[in-house]
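See below for protein-v7.txt, which holds compact mmCIF, C-alpha atoms and all ligand atoms.
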# COMPACT_ATOMS: atom_id res chain seq x y z
CA MET V 3 -19.98 -19.83 -3.43
CA GLY V 4 -17.89 -21.36 -6.23
CA PRO V 5 -14.30 -22.61 -5.86
CA LYS V 6 -12.93 -19.52 -7.61
CA GLN V 7 -14.60 -17.19 -5.13
CA GLN V 8 -13.47 -19.36 -2.23
CA ALA V 9 -9.87 -19.14 -3.46
CA LEU V 10 -10.12 -15.32 -3.58
CA LEU V 11 -11.44 -15.23 -0.04
CA ALA V 12 -8.68 -17.58 1.14
CA THR V 13 -6.04 -15.27 -0.37
CA THR V 14 -7.65 -12.24 1.26
CA GLN V 15 -7.63 -13.98 4.64
CA ALA V 16 -3.99 -15.04 4.15
CA LEU V 17 -3.07 -11.39 3.54
CA LEU V 18 -4.69 -10.37 6.82
CA VAL V 19 -3.64 -13.32 9.01
CA ASP V 20 -1.88 -13.04 12.40
CA ASP V 21 -1.78 -9.24 12.46
CA LYS V 22 0.68 -9.23 9.56
CA GLY V 23 0.58 -6.57 6.85
CA LEU V 24 1.70 -5.80 3.32
CA LEU V 25 5.04 -4.46 2.18
CA ALA V 26 4.62 -2.18 -0.84
CA MET V 27 8.03 -2.54 -2.53
CA ASP V 28 6.53 -1.69 -5.93
CA GLU V 29 7.94 1.77 -6.60
CA SER V 30 8.02 2.34 -10.34
CA ILE V 31 11.48 2.72 -11.92
CA PRO V 32 11.25 6.57 -11.90
CA THR V 33 10.05 6.65 -8.26
CA CYS V 34 12.74 4.22 -7.09
CA ASN V 35 15.33 6.27 -9.00
CA ARG V 36 14.11 9.45 -7.28
CA ARG V 37 14.60 7.84 -3.85
CA PHE V 38 18.10 6.69 -4.90
CA GLU V 39 18.98 10.10 -6.35
CA ALA V 40 18.11 11.80 -3.06
CA LEU V 41 20.80 9.64 -1.38
CA GLY V 42 23.32 9.95 -4.20
CA LEU V 43 22.96 6.30 -5.27
CA PRO V 44 23.37 5.11 -8.87
CA GLN V 45 20.01 4.79 -10.65
CA THR V 46 20.60 1.53 -12.51
CA GLU V 47 18.71 -1.73 -12.93
CA ASP V 48 21.47 -3.51 -10.97
CA ALA V 49 21.22 -1.06 -8.08
CA ARG V 50 17.44 -1.48 -7.92
CA ARG V 51 17.90 -5.26 -8.01
CA ASP V 52 20.47 -5.17 -5.18
CA TYR V 53 18.11 -3.03 -3.10
CA ARG V 54 15.17 -5.37 -3.64
CA GLU V 55 17.38 -8.39 -2.91
CA MET V 56 18.36 -6.83 0.43
CA ILE V 57 14.64 -6.47 1.24
CA VAL V 58 13.36 -9.92 0.21
CA ASN V 59 16.32 -11.67 1.88
CA THR V 60 15.53 -10.13 5.27
CA PRO V 61 15.50 -13.06 7.71
CA LYS V 62 12.13 -13.67 9.44
CA LEU V 63 10.32 -11.05 7.32
CA GLY V 64 7.46 -13.53 6.90
CA ALA V 65 6.70 -13.31 10.62
CA PHE V 66 5.34 -9.80 10.11
CA ILE V 67 4.68 -9.43 6.38
CA SER V 68 1.98 -11.52 4.68
CA GLY V 69 2.33 -10.13 1.15
CA ALA V 70 4.81 -8.08 -0.85
CA ILE V 71 3.78 -5.93 -3.80
CA LEU V 72 6.34 -5.92 -6.63
CA CYS V 73 6.58 -3.87 -9.81
CA ASP V 74 6.97 -5.40 -13.26
CA GLU V 75 10.77 -5.03 -13.22
CA THR V 76 11.18 -6.72 -9.82
CA ILE V 77 8.80 -9.63 -10.42
CA ARG V 78 11.10 -10.71 -13.29
CA GLN V 79 14.35 -10.38 -11.29
CA LYS V 80 16.45 -12.92 -9.39
CA THR V 81 18.85 -12.85 -6.47
CA LEU V 82 22.57 -12.96 -7.24
CA GLU V 83 22.39 -16.69 -6.44
CA GLY V 84 19.79 -17.11 -9.17
CA THR V 85 16.54 -17.62 -7.23
CA SER V 86 13.61 -15.60 -8.52
CA PHE V 87 12.37 -12.96 -6.09
CA ILE V 88 8.94 -14.62 -6.31
CA ASN V 89 10.37 -17.89 -5.01
CA VAL V 90 12.37 -16.17 -2.26
CA LEU V 91 9.12 -14.57 -1.06
CA ILE V 92 7.12 -17.80 -1.28
CA ASP V 93 9.84 -19.65 0.66
CA SER V 94 9.56 -16.98 3.40
CA GLY V 95 5.78 -17.48 3.61
CA ILE V 96 5.06 -14.16 1.87
CA LEU V 97 2.49 -13.97 -0.95
CA PRO V 98 3.79 -12.18 -4.05
CA GLY V 99 1.66 -9.35 -5.42
CA ILE V 100 2.02 -7.13 -8.47
CA LYS V 101 1.35 -3.45 -9.16
CA VAL V 102 -0.58 -3.44 -12.45
CA ASP V 103 -1.43 0.21 -13.01
CA MET V 104 0.82 2.05 -15.45
CA GLY V 105 1.07 5.22 -13.39
CA THR V 106 -0.80 8.49 -13.63
CA GLN V 107 -1.16 11.07 -16.40
CA GLU V 108 -2.52 14.62 -16.35
CA MET V 109 -6.29 14.55 -16.77
CA ALA V 110 -7.31 16.38 -19.94
CA GLY V 111 -9.22 19.58 -19.20
CA HIS V 112 -8.53 19.28 -15.46
CA ALA V 113 -5.35 21.16 -14.58
CA GLY V 114 -3.68 19.67 -11.50
CA GLU V 115 -5.64 16.40 -11.55
CA ARG V 116 -4.43 12.96 -12.58
CA ILE V 117 -5.89 9.80 -14.08
CA THR V 118 -4.39 6.35 -13.63
CA GLU V 119 -3.69 4.36 -16.79
CA GLY V 120 -3.29 0.66 -17.46
CA LEU V 121 -6.65 -0.93 -18.36
CA ASP V 122 -5.76 -1.72 -21.99
CA GLY V 123 -4.50 -5.30 -22.17
CA LEU V 124 -4.93 -5.73 -18.41
CA ARG V 125 -6.83 -9.04 -18.73
CA GLU V 126 -3.85 -10.62 -20.53
CA ARG V 127 -1.29 -9.12 -18.16
CA LEU V 128 -3.19 -10.42 -15.13
CA THR V 129 -3.19 -13.92 -16.62
CA GLN V 130 0.57 -13.73 -17.17
CA TYR V 131 1.27 -12.44 -13.66
CA GLY V 132 -0.96 -15.17 -12.22
CA GLU V 133 1.05 -17.78 -14.15
CA MET V 134 4.25 -16.26 -12.74
CA GLY V 135 2.90 -16.78 -9.20
CA ALA V 136 1.30 -13.46 -8.25
CA ARG V 137 -1.68 -13.90 -5.93
CA PHE V 138 -2.85 -10.33 -5.63
CA ALA V 139 -2.56 -7.01 -7.44
CA LYS V 140 -2.54 -3.28 -6.80
CA TRP V 141 -3.87 -0.20 -8.63
CA ARG V 142 -3.46 3.32 -7.27
CA ALA V 143 -5.53 6.40 -8.08
CA VAL V 144 -4.62 9.81 -6.67
CA PHE V 145 -6.73 12.79 -5.66
CA SER V 146 -5.37 16.22 -4.76
CA ILE V 147 -7.20 18.59 -2.44
CA GLY V 148 -7.18 22.20 -3.63
CA GLU V 149 -9.21 24.93 -5.30
CA GLY V 150 -12.05 23.03 -7.04
CA MET V 151 -10.24 19.72 -6.50
CA PRO V 152 -10.90 16.91 -6.61
CA SER V 153 -13.49 17.48 -9.33
CA GLN V 154 -16.50 15.19 -9.62
CA SER V 155 -15.24 13.96 -12.99
CA CYS V 156 -11.81 13.06 -11.57
CA ILE V 157 -13.43 11.14 -8.71
CA GLU V 158 -15.89 9.30 -10.98
CA THR V 159 -13.37 8.39 -13.68
CA ASN V 160 -10.70 7.14 -11.29
CA ALA V 161 -13.29 5.23 -9.23
CA GLN V 162 -14.69 3.54 -12.32
CA ASP V 163 -11.20 2.54 -13.46
CA LEU V 164 -10.41 1.13 -10.00
CA ALA V 165 -13.60 -0.93 -10.19
CA ARG V 166 -12.89 -2.20 -13.71
CA TYR V 167 -9.40 -3.21 -12.57
CA ALA V 168 -10.82 -4.95 -9.49
CA ALA V 169 -13.36 -6.92 -11.55
CA LEU V 170 -10.64 -8.07 -13.96
CA CYS V 171 -8.41 -9.14 -11.05
CA GLN V 172 -11.15 -11.25 -9.52
CA GLU V 173 -11.88 -12.83 -12.90
CA ALA V 174 -8.19 -13.82 -13.08
CA GLY V 175 -8.22 -15.16 -9.49
CA LEU V 176 -6.09 -12.34 -8.05
CA VAL V 177 -7.19 -10.32 -5.02
CA PRO V 178 -7.37 -6.64 -5.95
CA VAL V 179 -5.84 -4.14 -3.56
CA VAL V 180 -7.94 -1.06 -4.31
CA GLU V 181 -5.97 2.10 -3.62
CA PRO V 182 -7.68 5.49 -3.79
CA GLU V 183 -5.15 7.92 -2.32
CA VAL V 184 -6.17 11.39 -1.22
CA LEU V 185 -2.78 13.11 -1.14
CA MET V 186 -1.41 14.69 2.01
CA GLU V 187 0.23 17.63 0.20
CA GLY V 188 -1.57 20.92 0.80
CA GLU V 189 -2.82 23.35 3.41
CA HIS V 190 -6.18 21.61 3.88
CA THR V 191 -7.54 20.80 7.31
CA LEU V 192 -8.26 17.42 8.86
CA GLU V 193 -11.97 18.07 8.27
CA GLN V 194 -11.41 18.77 4.56
CA CYS V 195 -9.37 15.58 4.19
CA SER V 196 -12.15 13.65 5.90
CA ALA V 197 -14.88 15.10 3.64
CA VAL V 198 -12.89 14.39 0.45
CA THR V 199 -11.85 10.90 1.56
CA GLU V 200 -15.46 10.03 2.37
CA GLU V 201 -16.71 11.33 -0.98
CA VAL V 202 -14.03 9.39 -2.87
CA LEU V 203 -14.74 6.17 -0.96
CA HIS V 204 -18.50 6.44 -1.55
CA GLU V 205 -17.86 6.72 -5.28
CA VAL V 206 -15.33 3.85 -5.24
CA PHE V 207 -17.77 1.52 -3.50
CA SER V 208 -20.63 2.58 -5.77
CA GLN V 209 -18.48 1.68 -8.80
CA LEU V 210 -17.26 -1.58 -7.23
CA TYR V 211 -20.92 -2.53 -6.75
CA ALA V 212 -21.81 -1.53 -10.33
CA GLN V 213 -18.94 -3.65 -11.69
CA ARG V 214 -20.02 -6.66 -9.58
CA VAL V 215 -16.85 -6.87 -7.54
CA ILE V 216 -17.04 -9.31 -4.61
CA LEU V 217 -16.32 -7.10 -1.62
CA GLU V 218 -15.22 -10.06 0.53
CA GLY V 219 -12.42 -10.60 -1.98
CA ILE V 220 -10.76 -7.18 -1.97
CA ILE V 221 -8.43 -5.24 0.31
CA LEU V 222 -9.02 -1.48 0.49
CA LYS V 223 -5.83 0.61 0.63
CA PRO V 224 -6.81 4.16 1.56
CA ASN V 225 -5.00 7.15 2.99
CA MET V 226 -5.35 7.92 6.66
CA VAL V 227 -7.40 11.06 7.34
CA LEU V 228 -4.74 13.67 8.22
CA SER V 229 -4.20 17.42 8.26
CA GLY V 230 -2.60 18.61 5.00
CA SER V 231 1.20 18.58 5.16
CA THR V 232 1.39 22.40 5.25
CA CYS V 233 -1.78 23.01 7.30
CA PRO V 234 -0.80 25.23 10.26
CA LYS V 235 -2.93 23.16 12.64
CA GLN V 236 -1.72 19.57 12.72
CA ALA V 237 -4.06 16.98 14.25
CA THR V 238 -2.75 14.89 17.16
CA VAL V 239 -2.29 11.14 16.79
CA ASN V 240 -5.61 10.45 18.50
CA GLU V 241 -7.46 13.11 16.49
CA ALA V 242 -6.19 11.61 13.24
CA ALA V 243 -7.09 8.10 14.43
CA ASP V 244 -10.62 9.18 15.36
CA ALA V 245 -11.17 11.10 12.13
CA THR V 246 -9.91 8.19 10.03
CA VAL V 247 -12.09 5.55 11.66
CA THR V 248 -15.16 7.83 11.73
CA CYS V 249 -14.73 8.50 8.01
CA LEU V 250 -14.21 4.84 7.10
CA LEU V 251 -17.27 3.76 9.09
CA GLN V 252 -19.39 6.08 6.92
CA ALA V 253 -18.13 4.73 3.63
CA VAL V 254 -16.67 1.22 3.77
CA PRO V 255 -19.15 -1.71 3.76
CA ALA V 256 -18.78 -4.31 6.50
CA ALA V 257 -18.31 -7.03 3.86
CA VAL V 258 -14.79 -5.71 3.16
CA PRO V 259 -12.44 -7.90 5.22
CA GLY V 260 -9.51 -5.57 5.57
CA ILE V 261 -8.29 -2.02 5.20
CA ALA V 262 -4.52 -1.70 4.71
CA PHE V 263 -3.37 1.91 4.87
CA LEU V 264 -0.76 3.48 2.62
CA SER V 265 1.76 5.68 4.44
CA GLY V 266 1.83 8.51 1.89
CA GLY V 267 5.01 10.20 3.12
CA GLN V 268 4.23 10.19 6.85
CA PRO V 269 7.31 9.74 9.04
CA ALA V 270 7.64 6.01 9.67
CA GLU V 271 7.07 6.08 13.44
CA LEU V 272 4.10 8.42 13.14
CA ALA V 273 2.36 6.12 10.66
CA THR V 274 2.83 3.28 13.14
CA ALA V 275 1.60 5.39 16.07
CA ARG V 276 -1.55 6.41 14.17
CA LEU V 277 -2.37 2.83 13.13
CA ASN V 278 -1.80 1.74 16.71
CA ALA V 279 -4.10 4.46 18.06
CA MET V 280 -6.89 3.36 15.70
CA ASN V 281 -6.63 -0.22 16.92
CA VAL V 282 -6.34 0.75 20.60
CA ARG V 283 -9.41 2.97 20.42
CA PHE V 284 -11.69 1.07 18.01
CA LYS V 285 -10.51 -2.43 17.15
CA SER V 286 -13.12 -4.41 19.08
CA ARG V 287 -15.91 -2.38 17.46
CA LEU V 288 -14.89 -2.53 13.80
CA PRO V 289 -16.24 -4.82 11.06
CA TRP V 290 -12.91 -4.89 9.17
CA ALA V 291 -9.27 -5.42 10.13
CA LEU V 292 -7.13 -2.27 10.15
CA SER V 293 -3.76 -3.15 8.68
CA PHE V 294 -0.89 -1.60 6.75
CA SER V 295 0.46 -1.65 3.22
CA PHE V 296 3.35 0.75 3.65
CA ALA V 297 6.16 1.51 1.24
CA ARG V 298 8.08 4.48 2.62
CA ALA V 299 7.08 3.91 6.28
CA ILE V 300 8.71 0.45 6.20
CA GLN V 301 11.54 0.84 3.70
CA GLN V 302 12.83 4.41 3.93
CA PRO V 303 14.80 4.00 7.20
CA ALA V 304 16.37 0.80 5.82
CA LEU V 305 17.21 2.46 2.49
CA GLU V 306 18.98 5.27 4.33
CA ILE V 307 21.16 2.72 6.15
CA TRP V 308 21.79 0.47 3.14
CA ARG V 309 22.96 3.20 0.71
CA GLY V 310 24.04 0.63 -1.82
CA ASP V 311 26.83 -0.82 0.37
CA LYS V 312 27.03 -4.60 0.96
CA MET V 313 28.55 -3.89 4.39
CA ASN V 314 25.27 -2.27 5.45
CA VAL V 315 22.91 -5.06 4.36
CA LYS V 316 22.53 -6.66 7.80
CA ALA V 317 21.90 -3.37 9.60
CA ALA V 318 19.40 -2.29 6.93
CA GLN V 319 17.56 -5.63 7.19
CA GLN V 320 17.38 -5.29 10.99
CA THR V 321 15.83 -1.85 10.59
CA LEU V 322 13.35 -3.11 8.00
CA LEU V 323 12.37 -6.01 10.25
CA HIS V 324 11.98 -3.67 13.19
CA ARG V 325 9.53 -1.45 11.27
CA ALA V 326 7.59 -4.51 10.10
CA ARG V 327 7.45 -5.80 13.70
CA CYS V 328 6.31 -2.41 15.05
CA ASN V 329 3.51 -2.25 12.48
CA THR V 330 2.34 -5.75 13.38
CA ALA V 331 2.23 -4.59 17.02
CA ALA V 332 0.21 -1.56 15.86
CA ARG V 333 -2.35 -3.89 14.28
CA ARG V 334 -2.85 -5.41 17.72
CA GLY V 335 -2.83 -2.01 19.44
CA ASP V 336 0.26 -3.22 21.34
CA TRP V 337 2.84 -0.77 20.02
CA THR V 338 4.53 1.58 22.50
CA GLU V 339 7.26 4.19 22.21
CA ASP V 340 9.37 1.99 24.50
CA ALA V 341 9.01 -1.01 22.18
CA GLU V 342 9.97 1.29 19.33
CA ARG V 343 13.21 2.33 21.03
CA ILE V 344 14.14 -1.08 22.46
CA GLY V 345 13.87 -2.80 19.10
CA ALA V 346 15.73 -0.04 17.31
CA ALA V 347 18.67 -0.17 19.73
P1 LIG Z 401 3.56 4.72 0.67
O1 LIG Z 401 3.31 3.86 1.88
O2 LIG Z 401 4.98 5.21 0.55
O3 LIG Z 401 2.53 5.80 0.50
O4 LIG Z 401 3.39 3.79 -0.60
C1 LIG Z 401 2.29 2.99 -0.66
C2 LIG Z 401 2.02 2.66 -2.06
O5 LIG Z 401 1.96 1.53 -2.43
C3 LIG Z 401 1.80 3.78 -3.00
O6 LIG Z 401 1.18 3.28 -4.14
Mind converting the file's structure to structure tokens?
Amino acid sequence: MGPKQQALLATTQALLVDDKGLLAMDESIPTCNRRFEALGLPQTEDARRDYREMIVNTPKLGAFISGAILCDETIRQKTLEGTSFINVLIDSGILPGIKVDMGTQEMAGHAGERITEGLDGLRERLTQYGEMGARFAKWRAVFSIGEGMPSQSCIETNAQDLARYAALCQEAGLVPVVEPEVLMEGEHTLEQCSAVTEEVLHEVFSQLYAQRVILEGIILKPNMVLSGSTCPKQATVNEAADATVTCLLQAVPAAVPGIAFLSGGQPAELATARLNAMNVRFKSRLPWALSFSFARAIQQPALEIWRGDKMNVKAAQQTLLHRARCNTAARRGDWTEDAERIGAA
């Protein structure tokens, strides 16, 4: 193995070390604004910067978070004291990552389905982000479950784009976080989510293989297998954990070092409980680490405390740190409802 491949593998291992996980603080400007709007906060560049400064300045965050995914706006920003966010993260022992997709667009001829954009010029952008200090990247594709969805063409096109992105990342020396997200929204059952997730993952790994992506140098970021958000029968924590691991075992090669779940709008504690249940029930028998790469399930409770007020920064940071700590415990299968309450008090 050449030095370039070894460096990729070292980054991947650093992202999975010591039961830490990823913090996805890479909401696009419109998504971040939507979260602010829901709380009546101003939707300005300064407000987004203040929010991200609160997050990256959280004391001891590096004890539980190995990497933070930023968006293009945030990776160029600084704290009020003038330190770049990248350097604040590096000083805390957290690897900086960058979301490089350009969001999703309606797929032509496929009502209700979406295609992720951002491949044009990606090679150059990856080089620039690497020079800025980014060590890994993220690209998200989304799949809805519904009448005739996802279509074969939506699965194939998004999977091929994910694989082309991943190959370009590895060429640039960045670890690709590969994120195919089967959305929770809908009435579908746990079994339907499992079938669609498995089909999507098979196609993603087929395309990764075709594009010569080194599987040891990626992190997979999938959805958990869950009942649709409006399905009348909601799976229990253990049922969701079993369905998720069973599905992943069918589709994810053992060469992949780590799987870091997205939270996808699950309540924060429930996402932790489900990750914990997977590790309690299966950890010793799995070829890959089961980790987290949560956005909402780590940040939302802290955002609701912060609300744009300097007076709330400390309390918001404590809440953020608590969620990060709980998710690290879930990686070990050590999380309990008591630990959840004690830390939150
Ligand atoms: P959620 O954890 O809120 O789903 O966000 C993860 C993410 O990075 C979406 O791209």
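The two atoms in question, atom CA of V:Met104 and atom CA of V:Glu149, are spaced 27.0 Å apart.
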Which residues form the shell of 9 Å around ligand LIG 401 (chain Z) when you count all atoms listed in the file, given as number ranges by chain? V: 25-29, 71, 101, 140-143, 181, 183, 223, 225, 263-268, 294-302
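Environment of (-15.8, -12.2, 3.8): residues at most 10 Å away, judged by only C-alpha atoms, are V:Gln8, V:Leu10, V:Leu11, V:Ala12, V:Thr14, V:Gln15, V:Ile216, V:Leu217, V:Glu218, V:Gly219, V:Ile220, V:Ala256, V:Ala257, V:Val258, V:Pro259, V:Gly260, V:Trp290.
If you look at atom CA of V:Ala304 and atom CA of V:Arg325, they are 9.0 Å away from each other.
Proximity ranking of V:Leu192, V:Leu323, V:Val206, V:Ile88 relative to V:Val239 places V:Leu192 first, based on all atoms listed in the file.
You will find atom CA of V:Ala161 at 20.9 Å from atom CA of V:Val247.
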Write out as a VMD selection string each polymer residue whose atoms come within 12 Å of stretch 330-340 of chain V, counting all atoms listed in the file; drop sequence neighbours fewer than 5 positions from it. chain V and resid 18 to 25 63 to 68 260 to 263 271 to 286 290 to 296 300 323 to 325 345 to 347
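Using all atoms listed in the file for every distance, the candidate list V:Ala169, V:Met226, V:Leu97, V:Cys156 yields V:Met226 as the residue closest to V:Leu185.
Residues in contact with stretch 249-253 of chain V at 6 Å, where all atoms listed in the file are counted and same-chain residues fewer than 3 positions away are skipped, are listed as V:Glu200, V:Leu203, V:His204, V:Thr246.
Residues in contact range of stretch 170-175 of chain V, defined as at most 9 Å between only C-alpha atoms, with sequence neighbours fewer than 2 positions away removed, read V:Lys6, V:Gln7, V:Ala9, V:Leu10, V:Leu124, V:Arg125, V:Leu128, V:Thr129, V:Gly132, V:Arg137, V:Phe138, V:Ala139, V:Ala165, V:Arg166, V:Tyr167, V:Ala168, V:Val177, V:Pro178, V:Val215, V:Ile216, V:Gly219, V:Ile220.
Distances to V:Val102 were evaluated for V:Arg309, V:Arg327, V:Arg127, V:Lys62 using only C-alpha atoms, and the minimum falls at V:Arg127.
Considering only C-alpha atoms, the residue among V:Cys328, V:Pro289, V:Gly310, V:Leu91 positioned nearest to V:Thr46 is V:Gly310.
Remark: for V:Phe87, the closest of the candidate residues V:Glu115, V:Glu55, V:Asp163, V:Asp103 is V:Glu55 (distances computed over all atoms listed in the file).
For the set V:Leu322, V:Val202, V:Met313, V:Ala136, the residue with the smallest atom-to-atom gap to V:Ile92 is V:Ala136, counting all atoms listed in the file.
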Do you know which residues are at most 9 Å from V:Ala49 counting all atoms listed in the file, after dropping those on the same chain fewer than 5 positions away, and could you put them as a PDB file with C-alpha atoms, in the coordinates of the input?
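Output (selection-v4.pdb):
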ATOM      1  CA  PHE V  38      18.100   6.690  -4.900  1.00  0.00           C
ATOM      2  CA  LEU V  43      22.960   6.300  -5.270  1.00  0.00           C
ATOM      3  CA  PRO V  44      23.370   5.110  -8.870  1.00  0.00           C
ATOM      4  CA  ARG V  54      15.170  -5.370  -3.640  1.00  0.00           C
ATOM      5  CA  GLY V 310      24.040   0.630  -1.820  1.00  0.00           C
TER       6      GLY V 310
END
Anything within 6 Å of (3.5, 15.1, 1.1): list those residues as a compact mmCIF listing (two decimals) with C-alpha atoms, keeping the file's coordinate frame, counting all atoms listed in the file and sticking to the file's coordinates.
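Below you can see selection30.txt, which holds the result:
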# COMPACT_ATOMS: atom_id res chain seq x y z
CA MET V 186 -1.41 14.69 2.01
CA GLU V 187 0.23 17.63 0.20
CA SER V 231 1.20 18.58 5.16
CA GLY V 267 5.01 10.20 3.12
If I only want stretch 289-296 of chain V, can you write it with all heavy atoms, as a CSV table (one decimal), in the first residue's frame?
chain,number,residue,atom,x,y,z
V,289,PRO,N,-18.1,-6.7,11.8
V,289,PRO,CA,-16.8,-6.4,11.2
V,289,PRO,C,-16.5,-4.9,11.2
V,289,PRO,O,-15.3,-4.6,11.0
V,289,PRO,CB,-17.0,-6.9,9.7
V,289,PRO,CG,-18.5,-6.8,9.5
V,289,PRO,CD,-19.2,-7.0,10.8
V,290,TRP,N,-17.5,-4.1,11.3
V,290,TRP,CA,-17.2,-2.6,11.3
V,290,TRP,C,-17.7,-2.0,12.6
V,290,TRP,O,-18.5,-2.5,13.4
V,290,TRP,CB,-18.0,-1.9,10.2
V,290,TRP,CG,-18.9,-2.8,9.3
V,290,TRP,CD1,-18.7,-3.2,8.0
V,290,TRP,CD2,-20.2,-3.3,9.7
V,290,TRP,NE1,-19.7,-4.0,7.6
V,290,TRP,CE2,-20.7,-4.0,8.5
V,290,TRP,CE3,-21.0,-3.2,10.8
V,290,TRP,CZ2,-22.0,-4.6,8.5
V,290,TRP,CZ3,-22.3,-3.8,10.8
V,290,TRP,CH2,-22.7,-4.5,9.6
V,291,ALA,N,-17.1,-0.8,12.9
V,291,ALA,CA,-17.5,0.0,14.1
V,291,ALA,C,-18.9,0.6,13.8
V,291,ALA,O,-19.1,1.0,12.6
V,291,ALA,CB,-16.5,1.1,14.4
V,292,LEU,N,-19.8,0.7,14.7
V,292,LEU,CA,-21.1,1.4,14.6
V,292,LEU,C,-21.0,2.7,15.4
V,292,LEU,O,-21.0,2.7,16.6
V,292,LEU,CB,-22.2,0.5,15.1
V,292,LEU,CG,-22.6,-0.7,14.3
V,292,LEU,CD1,-23.8,-1.4,14.8
V,292,LEU,CD2,-22.9,-0.3,12.8
V,293,SER,N,-21.0,3.8,14.6
V,293,SER,CA,-20.7,5.1,15.3
V,293,SER,C,-21.8,6.1,14.9
V,293,SER,O,-22.9,5.7,14.4
V,293,SER,CB,-19.3,5.6,14.8
V,293,SER,OG,-19.0,6.8,15.4
V,294,PHE,N,-21.6,7.3,15.1
V,294,PHE,CA,-22.6,8.3,14.8
V,294,PHE,C,-22.0,9.5,14.1
V,294,PHE,O,-20.8,9.8,14.2
V,294,PHE,CB,-23.3,8.8,16.1
V,294,PHE,CG,-22.3,9.4,17.1
V,294,PHE,CD1,-22.0,10.8,17.2
V,294,PHE,CD2,-21.6,8.6,18.0
V,294,PHE,CE1,-21.1,11.3,18.1
V,294,PHE,CE2,-20.7,9.1,19.0
V,294,PHE,CZ,-20.5,10.4,19.0
V,295,SER,N,-22.8,10.1,13.2
V,295,SER,CA,-22.5,11.4,12.6
V,295,SER,C,-23.7,12.2,12.6
V,295,SER,O,-24.4,12.4,11.5
V,295,SER,CB,-22.0,11.1,11.1
V,295,SER,OG,-21.8,12.3,10.4
V,296,PHE,N,-24.1,12.6,13.8
V,296,PHE,CA,-25.4,13.3,13.9
V,296,PHE,C,-25.3,14.8,13.8
V,296,PHE,O,-24.3,15.4,14.2
V,296,PHE,CB,-26.0,13.0,15.3
V,296,PHE,CG,-26.3,11.6,15.6
V,296,PHE,CD1,-26.4,11.1,17.0
V,296,PHE,CD2,-26.6,10.6,14.6
V,296,PHE,CE1,-26.7,9.8,17.3
V,296,PHE,CE2,-26.9,9.3,14.9
V,296,PHE,CZ,-26.9,8.9,16.3
